[in-house]
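Visitor: This is the content of input.cif (mmCIF, C-alpha atoms and all ligand atoms):
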data_query
loop_
_atom_site.label_atom_id
_atom_site.label_comp_id
_atom_site.auth_asym_id
_atom_site.auth_seq_id
_atom_site.Cartn_x
_atom_site.Cartn_y
_atom_site.Cartn_z
CA MET I 6 -7.63 -17.57 -2.23
CA ARG I 7 -6.38 -14.04 -1.82
CA ARG I 8 -8.06 -11.48 -4.08
CA LYS I 9 -5.39 -9.52 -5.92
CA LEU I 10 -5.10 -5.78 -5.39
CA ALA I 11 -3.73 -3.11 -7.73
CA ALA I 12 -3.20 0.00 -5.61
CA GLY I 13 -2.18 3.41 -6.93
CA ASN I 14 -0.58 6.03 -4.70
CA TRP I 15 -0.80 9.44 -6.33
CA LYS I 16 1.28 11.01 -3.52
CA MET I 17 1.23 14.84 -3.73
CA ASN I 18 0.08 14.83 -7.35
CA GLY I 19 -3.33 15.57 -8.81
CA LEU I 20 -5.77 18.39 -9.30
CA GLN I 21 -9.44 18.10 -10.15
CA GLY I 22 -8.63 17.80 -13.85
CA ASN I 23 -6.69 14.60 -13.18
CA LEU I 24 -9.88 12.83 -12.15
CA THR I 25 -10.35 12.07 -15.85
CA GLU I 26 -7.68 9.39 -15.30
CA LEU I 27 -9.92 7.82 -12.70
CA ASP I 28 -12.90 7.94 -15.08
CA ALA I 29 -10.81 6.21 -17.72
CA LEU I 30 -9.82 3.49 -15.25
CA ALA I 31 -13.39 2.98 -14.08
CA GLN I 32 -14.62 2.67 -17.65
CA GLY I 33 -11.81 0.51 -18.94
CA PHE I 34 -11.04 -1.75 -16.00
CA GLY I 35 -14.05 -1.67 -13.69
CA ASP I 36 -14.75 -5.34 -14.33
CA ALA I 37 -11.12 -6.53 -14.07
CA ASP I 38 -10.64 -9.67 -12.03
CA CYS I 39 -8.82 -7.92 -9.18
CA ASP I 40 -9.49 -5.14 -6.69
CA ILE I 41 -8.43 -1.65 -7.75
CA LEU I 42 -7.56 1.11 -5.31
CA ILE I 43 -6.55 4.70 -5.99
CA CYS I 44 -5.18 6.88 -3.19
CA PRO I 45 -5.36 10.47 -4.47
CA PRO I 46 -4.38 13.51 -2.41
CA ALA I 47 -6.87 14.20 0.38
CA THR I 48 -8.36 17.16 -1.51
CA LEU I 49 -9.66 14.80 -4.21
CA ILE I 50 -10.94 11.92 -2.09
CA HIS I 51 -14.55 13.01 -1.95
CA ARG I 52 -14.87 13.71 -5.65
CA ALA I 53 -12.90 10.60 -6.54
CA ALA I 54 -15.19 8.46 -4.41
CA LEU I 55 -18.27 9.92 -6.11
CA ALA I 56 -16.74 9.45 -9.56
CA SER I 57 -15.48 5.92 -9.11
CA GLY I 58 -18.69 4.41 -7.79
CA ASP I 59 -18.30 0.77 -6.77
CA THR I 60 -15.69 -0.15 -9.33
CA ILE I 61 -12.60 1.45 -7.85
CA ALA I 62 -11.94 1.85 -4.15
CA ILE I 63 -10.56 5.16 -2.91
CA GLY I 64 -8.06 5.55 -0.09
CA GLY I 65 -6.17 8.14 1.90
CA GLN I 66 -2.37 8.34 2.11
CA ASP I 67 -2.17 8.89 5.87
CA CYS I 68 -4.42 9.55 8.86
CA HIS I 69 -4.06 10.84 12.40
CA ALA I 70 -4.18 8.44 15.32
CA VAL I 71 -7.07 10.15 17.10
CA GLU I 72 -10.61 10.90 15.93
CA THR I 73 -10.90 14.66 16.45
CA GLY I 74 -9.14 17.49 18.21
CA ALA I 75 -6.58 20.26 18.07
CA HIS I 76 -4.28 18.88 15.36
CA THR I 77 -4.06 21.60 12.72
CA GLY I 78 -3.64 20.26 9.23
CA ASP I 79 -4.25 16.62 10.10
CA ILE I 80 -7.02 14.32 8.91
CA SER I 81 -8.59 11.57 11.00
CA ALA I 82 -9.49 8.10 9.79
CA GLN I 83 -13.14 8.89 10.44
CA MET I 84 -12.88 11.92 8.14
CA LEU I 85 -11.38 9.80 5.36
CA LYS I 86 -14.20 7.32 5.76
CA ASP I 87 -16.76 10.12 5.78
CA ALA I 88 -15.30 11.52 2.54
CA GLY I 89 -15.74 8.15 0.84
CA ALA I 90 -12.42 6.37 1.42
CA SER I 91 -12.34 2.70 2.28
CA TYR I 92 -8.57 2.24 2.57
CA VAL I 93 -5.63 4.23 3.94
CA ILE I 94 -1.90 3.84 3.26
CA LEU I 95 0.09 4.02 6.50
CA GLY I 96 3.79 4.12 7.27
CA HIS I 97 4.91 4.87 3.72
CA SER I 98 8.67 5.47 3.78
CA GLU I 99 8.10 9.06 2.66
CA ARG I 100 5.94 9.63 5.77
CA ARG I 101 8.46 7.83 7.97
CA GLU I 102 11.20 10.05 6.54
CA ASP I 103 9.46 13.43 6.06
CA HIS I 104 7.42 13.29 9.27
CA ASN I 105 9.62 11.11 11.47
CA GLU I 106 6.91 8.49 11.80
CA SER I 107 7.92 5.58 14.00
CA ASP I 108 6.54 2.05 14.02
CA THR I 109 4.54 3.01 17.11
CA ASP I 110 3.00 5.97 15.28
CA VAL I 111 2.06 3.71 12.39
CA ARG I 112 0.54 1.11 14.71
CA GLN I 113 -1.59 3.75 16.45
CA LYS I 114 -2.76 5.16 13.13
CA ALA I 115 -3.57 1.66 11.90
CA ARG I 116 -5.66 1.01 15.00
CA ALA I 117 -7.56 4.25 14.39
CA ALA I 118 -8.07 3.34 10.73
CA ILE I 119 -9.43 -0.09 11.59
CA ASP I 120 -11.70 1.36 14.29
CA ALA I 121 -13.08 3.77 11.67
CA GLY I 122 -13.82 0.87 9.31
CA LEU I 123 -10.95 1.45 6.90
CA LYS I 124 -8.56 -1.14 5.52
CA ALA I 125 -4.96 -0.30 6.44
CA VAL I 126 -2.19 -0.70 3.84
CA ILE I 127 0.84 -0.85 6.13
CA CYS I 128 4.18 -0.23 4.39
CA CYS I 129 7.58 -1.60 5.25
CA GLY I 130 10.90 -1.57 3.45
CA GLU I 131 14.64 -1.35 3.90
CA SER I 132 17.09 1.34 2.80
CA LEU I 133 19.97 0.56 0.45
CA GLU I 134 22.45 0.69 3.34
CA GLU I 135 20.35 -1.80 5.30
CA ARG I 136 20.17 -4.16 2.31
CA GLU I 137 23.89 -3.90 1.63
CA ALA I 138 24.60 -4.65 5.30
CA ASN I 139 22.43 -7.80 4.97
CA ASN I 140 19.92 -6.45 7.45
CA THR I 141 16.84 -6.51 5.22
CA LEU I 142 14.88 -9.24 6.98
CA ASP I 143 15.71 -7.90 10.45
CA ILE I 144 14.48 -4.46 9.44
CA ILE I 145 11.29 -5.80 7.87
CA GLY I 146 10.64 -8.07 10.83
CA GLY I 147 10.99 -5.15 13.23
CA GLN I 148 8.72 -2.92 11.16
CA LEU I 149 6.04 -5.60 10.96
CA ALA I 150 6.17 -6.34 14.68
CA GLY I 151 6.02 -2.65 15.57
CA SER I 152 3.64 -1.27 12.96
CA ILE I 153 0.86 -3.86 12.76
CA PRO I 154 -1.68 -3.68 15.60
CA ASP I 155 -3.05 -6.83 17.23
CA GLN I 156 -6.64 -6.40 16.13
CA VAL I 157 -6.22 -6.97 12.41
CA THR I 158 -8.13 -9.33 10.15
CA ALA I 159 -7.34 -10.51 6.63
CA GLU I 160 -9.96 -8.03 5.39
CA ASN I 161 -8.63 -4.91 7.08
CA LEU I 162 -4.87 -5.50 6.78
CA ILE I 163 -2.77 -5.26 3.63
CA VAL I 164 1.02 -5.28 3.90
CA ALA I 165 3.10 -3.47 1.26
CA TYR I 166 6.78 -4.29 0.88
CA GLU I 167 8.50 -1.27 -0.62
CA PRO I 168 12.30 -1.21 -0.62
CA ILE I 169 13.12 2.48 -0.19
CA TRP I 170 15.86 2.35 -2.82
CA ALA I 171 13.36 1.11 -5.42
CA ILE I 172 10.80 3.88 -4.93
CA GLY I 173 10.76 6.30 -7.83
CA THR I 174 14.23 5.23 -8.94
CA GLY I 175 13.52 2.75 -11.71
CA LYS I 176 15.58 0.19 -9.73
CA VAL I 177 13.79 -3.02 -8.87
CA PRO I 178 15.02 -5.88 -6.69
CA THR I 179 15.59 -9.21 -8.40
CA LEU I 180 12.62 -11.55 -8.42
CA ASP I 181 14.47 -13.74 -5.91
CA GLN I 182 14.93 -10.77 -3.58
CA ILE I 183 11.24 -9.88 -3.83
CA GLY I 184 10.27 -13.51 -3.24
CA GLU I 185 12.54 -13.83 -0.22
CA VAL I 186 10.99 -10.82 1.51
CA HIS I 187 7.40 -11.71 0.62
CA ASP I 188 7.86 -15.29 1.88
CA PHE I 189 9.37 -13.86 5.07
CA ILE I 190 6.43 -11.48 5.56
CA ARG I 191 3.99 -14.35 5.01
CA ASP I 192 5.82 -16.43 7.59
CA ARG I 193 5.78 -13.59 10.13
CA LEU I 194 2.05 -13.01 9.59
CA VAL I 195 1.28 -16.71 10.04
CA ARG I 196 3.40 -16.96 13.18
CA ARG I 197 1.80 -13.92 14.77
CA PHE I 198 -1.81 -14.23 13.64
CA GLY I 199 -2.19 -17.92 12.77
CA ASP I 200 -3.08 -19.52 9.45
CA GLY I 201 -6.47 -17.82 9.11
CA VAL I 202 -5.28 -14.24 9.01
CA GLY I 203 -1.68 -15.03 8.08
CA LEU I 204 -2.44 -16.95 4.90
CA SER I 205 -5.29 -14.70 3.75
CA THR I 206 -3.69 -11.27 4.19
CA ARG I 207 -2.61 -9.66 0.95
CA ILE I 208 1.03 -8.65 0.51
CA LEU I 209 1.78 -6.05 -2.16
CA TYR I 210 5.10 -5.21 -3.76
CA GLY I 211 5.89 -1.53 -4.41
CA GLY I 212 8.84 0.32 -5.92
CA SER I 213 9.18 1.18 -9.63
CA VAL I 214 6.42 -1.16 -10.77
CA LYS I 215 5.79 -0.40 -14.45
CA PRO I 216 3.85 -1.95 -17.32
CA SER I 217 7.16 -3.45 -18.50
CA ASN I 218 8.01 -5.33 -15.29
CA ALA I 219 4.58 -5.94 -13.72
CA ALA I 220 3.91 -9.41 -15.15
CA GLU I 221 7.18 -10.92 -13.92
CA ILE I 222 6.77 -9.38 -10.46
CA PHE I 223 3.21 -10.74 -10.23
CA GLY I 224 4.58 -14.19 -10.98
CA VAL I 225 6.56 -14.23 -7.71
CA SER I 226 5.08 -16.30 -4.88
CA ASN I 227 3.25 -14.34 -2.19
CA VAL I 228 3.01 -11.22 -4.36
CA ASP I 229 -0.71 -10.46 -4.25
CA GLY I 230 -0.58 -7.16 -6.10
CA ALA I 231 1.27 -3.88 -6.24
CA LEU I 232 1.42 -0.46 -4.66
CA VAL I 233 2.27 1.79 -7.58
CA GLY I 234 3.40 5.42 -7.43
CA GLY I 235 4.47 7.14 -10.65
CA ALA I 236 2.88 4.63 -13.02
CA SER I 237 -0.53 5.01 -11.33
CA LEU I 238 -0.91 8.63 -12.46
CA LYS I 239 -1.80 7.70 -16.03
CA ALA I 240 -4.75 5.40 -16.65
CA GLU I 241 -2.98 3.93 -19.65
CA ASP I 242 0.03 2.76 -17.61
CA PHE I 243 -1.91 1.71 -14.54
CA GLY I 244 -4.40 -0.09 -16.78
CA GLN I 245 -1.61 -2.23 -18.19
CA ILE I 246 -0.50 -3.08 -14.66
CA ILE I 247 -4.09 -4.01 -13.75
CA THR I 248 -4.32 -6.23 -16.82
CA ALA I 249 -1.04 -7.95 -15.91
CA LEU I 250 -2.26 -8.55 -12.36
CA ALA I 251 -5.68 -9.83 -13.39
CA SER I 252 -4.10 -12.38 -15.70
CA ALA I 253 -1.27 -13.44 -13.34
P1 LIG A 301 6.93 4.30 -7.47
O1 LIG A 301 6.39 4.53 -5.98
O2 LIG A 301 6.02 3.29 -8.13
O3 LIG A 301 6.86 5.66 -8.12
O4 LIG A 301 8.32 3.78 -7.34
C1 LIG A 301 5.90 3.46 -5.23
C2 LIG A 301 5.40 3.94 -3.88
O5 LIG A 301 6.06 4.77 -3.25
O6 LIG A 301 4.33 3.50 -3.42
#
Let's see the structure in the file written out as structure tokens.
Guide:
Amino acid sequence: MRRKLAAGNWKMNGLQGNLTELDALAQGFGDADCDILICPPATLIHRAALASGDTIAIGGQDCHAVETGAHTGDISAQMLKDAGASYVILGHSERREDHNESDTDVRQKARAAIDAGLKAVICCGESLEEREANNTLDIIGGQLAGSIPDQVTAENLIVAYEPIWAIGTGKVPTLDQIGEVHDFIRDRLVRRFGDGVGLSTRILYGGSVKPSNAAEIFGVSNVDGALVGGASLKAEDFGQIITALASA
């Protein structure tokens, strides 16, 4: 059985005062029957990790591919781990777009993350043009092949399917569209890594997940949780998503 995961990506949002949201989550949902992950901005990781104790895992939103060196402004996987993170999001479409990250970059970062003892949440997703041209599965297949390193296990790999056109837009694919892509990702993981890793790796859906649509999305086959942006900033909203996931 795959343990469900509710992951929140705060993106470039959050000052120290916002850690009260994390406290509220830890108090209200610490014993929920699913894993909970919050990825705050890097400046808050250390304090968030101290505040959340064992109940909520803390993650980074990116890492560099090497451990140390002359890379001004970057953060290594080892540093995230040292600050208290146990996960890192990699290859988010905003990173791919804003920082020209390629599948090869993502794969190298994922290898570094795994070497540092982090779990890698590797993102994939098609643009609207790619979907309308019927290229969704080709795009996802290429991203998976290029972005996931060989040395993954079901513990240190999480795949997040995030259609770019659904992120922050309030638009969500149909349940059939989500199911088609998640089944495809499952099939690709099984073919590449075998049943052991392939069937046990968690696949998250992301893109405009809200309290109002979470339950139906969590009912889709091979959806093992969500990667949530905007609705993860408020404990009240994210809490409802956690509750929907835990009872799915
Ligand atoms: P959203 O973002 O929930 O605000 O659409 C999702 C994401 O980018 O992870």
Visitor: Could you pull the residues within 9 Å of Ala121 (chain I), counting only C-alpha atoms, minus those fewer than 6 positions along the same chain, as a PyMOL selection string?
Guide: chain I and resi 72+82-86
Visitor: Using 3 Å of padding on each side, determine the axis-aligned box around all atoms of ligand LIG 301 (chain A) present in the file and give its centre and edge lengths in Å to one decimal, as lines of an AutoDock Vina configuration file.
Guide:
center_x = 6.3
center_y = 4.5
center_z = -5.7
size_x = 10.0
size_y = 8.4
size_z = 10.9
Visitor: What is the distance between CA of Leu10 (chain I) and CA of Asp38 (chain I), in Å to one decimal?
Guide: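 These atoms are spaced 9.5 Å apart.
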Visitor: Taking only C-alpha atoms and all ligand atoms into account, report as a PyMOL selection string which residues have an atom no farther than 8 Å from an atom of ligand LIG 301 (chain A).
Guide: chain I and resi 13-14+16+97-99+167+171-175+211-215+232-237
Visitor: Go ahead and write the residues just picked, C-alpha atoms, as a PDB file, in the coordinates of the input.
Guide:
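Heads up, here's the output in result17.pdb:
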ATOM      1  CA  GLY I  13      -2.180   3.410  -6.930  1.00  0.00           C
ATOM      2  CA  ASN I  14      -0.580   6.030  -4.700  1.00  0.00           C
ATOM      3  CA  LYS I  16       1.280  11.010  -3.520  1.00  0.00           C
ATOM      4  CA  HIS I  97       4.910   4.870   3.720  1.00  0.00           C
ATOM      5  CA  SER I  98       8.670   5.470   3.780  1.00  0.00           C
ATOM      6  CA  GLU I  99       8.100   9.060   2.660  1.00  0.00           C
ATOM      7  CA  GLU I 167       8.500  -1.270  -0.620  1.00  0.00           C
ATOM      8  CA  ALA I 171      13.360   1.110  -5.420  1.00  0.00           C
ATOM      9  CA  ILE I 172      10.800   3.880  -4.930  1.00  0.00           C
ATOM     10  CA  GLY I 173      10.760   6.300  -7.830  1.00  0.00           C
ATOM     11  CA  THR I 174      14.230   5.230  -8.940  1.00  0.00           C
ATOM     12  CA  GLY I 175      13.520   2.750 -11.710  1.00  0.00           C
ATOM     13  CA  GLY I 211       5.890  -1.530  -4.410  1.00  0.00           C
ATOM     14  CA  GLY I 212       8.840   0.320  -5.920  1.00  0.00           C
ATOM     15  CA  SER I 213       9.180   1.180  -9.630  1.00  0.00           C
ATOM     16  CA  VAL I 214       6.420  -1.160 -10.770  1.00  0.00           C
ATOM     17  CA  LYS I 215       5.790  -0.400 -14.450  1.00  0.00           C
ATOM     18  CA  LEU I 232       1.420  -0.460  -4.660  1.00  0.00           C
ATOM     19  CA  VAL I 233       2.270   1.790  -7.580  1.00  0.00           C
ATOM     20  CA  GLY I 234       3.400   5.420  -7.430  1.00  0.00           C
ATOM     21  CA  GLY I 235       4.470   7.140 -10.650  1.00  0.00           C
ATOM     22  CA  ALA I 236       2.880   4.630 -13.020  1.00  0.00           C
ATOM     23  CA  SER I 237      -0.530   5.010 -11.330  1.00  0.00           C
TER      24      SER I 237
END
Visitor: Between I:Gly244, I:Gly146, I:Gly199, I:Gly22, which residue has the minimum interatomic distance to Ala219 (chain I), considering all atoms listed in the file?
Guide: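 Going through I:Gly244, I:Gly146, I:Gly199, I:Gly22 one by one, the smallest distance to Ala219 (chain I) is for I:Gly244.
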Visitor: Mind rebuilding region 182-196 of chain I with N, CA, C and O atoms and writing that out as a PDB file, keeping the file's coordinate frame?
Guide:
ATOM      1  N   GLN I 182      14.933 -11.658  -4.762  1.00  0.00           N
ATOM      2  CA  GLN I 182      14.930 -10.770  -3.580  1.00  0.00           C
ATOM      3  C   GLN I 182      13.499 -10.436  -3.172  1.00  0.00           C
ATOM      4  O   GLN I 182      13.179 -10.415  -1.982  1.00  0.00           O
ATOM      5  N   ILE I 183      12.642 -10.168  -4.152  1.00  0.00           N
ATOM      6  CA  ILE I 183      11.240  -9.880  -3.830  1.00  0.00           C
ATOM      7  C   ILE I 183      10.612 -11.109  -3.170  1.00  0.00           C
ATOM      8  O   ILE I 183       9.954 -11.017  -2.131  1.00  0.00           O
ATOM      9  N   GLY I 184      10.858 -12.269  -3.768  1.00  0.00           N
ATOM     10  CA  GLY I 184      10.270 -13.510  -3.240  1.00  0.00           C
ATOM     11  C   GLY I 184      10.730 -13.794  -1.824  1.00  0.00           C
ATOM     12  O   GLY I 184       9.938 -14.209  -0.963  1.00  0.00           O
ATOM     13  N   GLU I 185      12.002 -13.562  -1.558  1.00  0.00           N
ATOM     14  CA  GLU I 185      12.540 -13.830  -0.220  1.00  0.00           C
ATOM     15  C   GLU I 185      11.810 -12.993   0.826  1.00  0.00           C
ATOM     16  O   GLU I 185      11.407 -13.499   1.883  1.00  0.00           O
ATOM     17  N   VAL I 186      11.629 -11.700   0.522  1.00  0.00           N
ATOM     18  CA  VAL I 186      10.990 -10.820   1.510  1.00  0.00           C
ATOM     19  C   VAL I 186       9.501 -11.148   1.639  1.00  0.00           C
ATOM     20  O   VAL I 186       8.956 -11.196   2.754  1.00  0.00           O
ATOM     21  N   HIS I 187       8.840 -11.406   0.524  1.00  0.00           N
ATOM     22  CA  HIS I 187       7.400 -11.710   0.620  1.00  0.00           C
ATOM     23  C   HIS I 187       7.158 -13.029   1.372  1.00  0.00           C
ATOM     24  O   HIS I 187       6.224 -13.127   2.171  1.00  0.00           O
ATOM     25  N   ASP I 188       8.008 -14.024   1.142  1.00  0.00           N
ATOM     26  CA  ASP I 188       7.860 -15.290   1.880  1.00  0.00           C
ATOM     27  C   ASP I 188       8.101 -15.047   3.375  1.00  0.00           C
ATOM     28  O   ASP I 188       7.417 -15.621   4.231  1.00  0.00           O
ATOM     29  N   PHE I 189       9.066 -14.187   3.670  1.00  0.00           N
ATOM     30  CA  PHE I 189       9.370 -13.860   5.070  1.00  0.00           C
ATOM     31  C   PHE I 189       8.180 -13.158   5.727  1.00  0.00           C
ATOM     32  O   PHE I 189       7.797 -13.476   6.864  1.00  0.00           O
ATOM     33  N   ILE I 190       7.591 -12.194   5.006  1.00  0.00           N
ATOM     34  CA  ILE I 190       6.430 -11.480   5.560  1.00  0.00           C
ATOM     35  C   ILE I 190       5.279 -12.465   5.798  1.00  0.00           C
ATOM     36  O   ILE I 190       4.629 -12.449   6.848  1.00  0.00           O
ATOM     37  N   ARG I 191       5.058 -13.344   4.834  1.00  0.00           N
ATOM     38  CA  ARG I 191       3.990 -14.350   5.010  1.00  0.00           C
ATOM     39  C   ARG I 191       4.242 -15.166   6.259  1.00  0.00           C
ATOM     40  O   ARG I 191       3.338 -15.394   7.073  1.00  0.00           O
ATOM     41  N   ASP I 192       5.472 -15.610   6.430  1.00  0.00           N
ATOM     42  CA  ASP I 192       5.820 -16.430   7.590  1.00  0.00           C
ATOM     43  C   ASP I 192       5.586 -15.663   8.894  1.00  0.00           C
ATOM     44  O   ASP I 192       5.025 -16.207   9.858  1.00  0.00           O
ATOM     45  N   ARG I 193       5.987 -14.401   8.914  1.00  0.00           N
ATOM     46  CA  ARG I 193       5.780 -13.590  10.130  1.00  0.00           C
ATOM     47  C   ARG I 193       4.302 -13.408  10.433  1.00  0.00           C
ATOM     48  O   ARG I 193       3.874 -13.431  11.597  1.00  0.00           O
ATOM     49  N   LEU I 194       3.492 -13.195   9.383  1.00  0.00           N
ATOM     50  CA  LEU I 194       2.050 -13.010   9.590  1.00  0.00           C
ATOM     51  C   LEU I 194       1.422 -14.296  10.137  1.00  0.00           C
ATOM     52  O   LEU I 194       0.594 -14.260  11.057  1.00  0.00           O
ATOM     53  N   VAL I 195       1.844 -15.430   9.582  1.00  0.00           N
ATOM     54  CA  VAL I 195       1.280 -16.710  10.040  1.00  0.00           C
ATOM     55  C   VAL I 195       1.687 -16.975  11.491  1.00  0.00           C
ATOM     56  O   VAL I 195       0.869 -17.386  12.322  1.00  0.00           O
ATOM     57  N   ARG I 196       2.943 -16.720  11.810  1.00  0.00           N
ATOM     58  CA  ARG I 196       3.400 -16.960  13.180  1.00  0.00           C
ATOM     59  C   ARG I 196       2.665 -16.089  14.182  1.00  0.00           C
ATOM     60  O   ARG I 196       2.353 -16.522  15.280  1.00  0.00           O
TER      61      ARG I 196
END
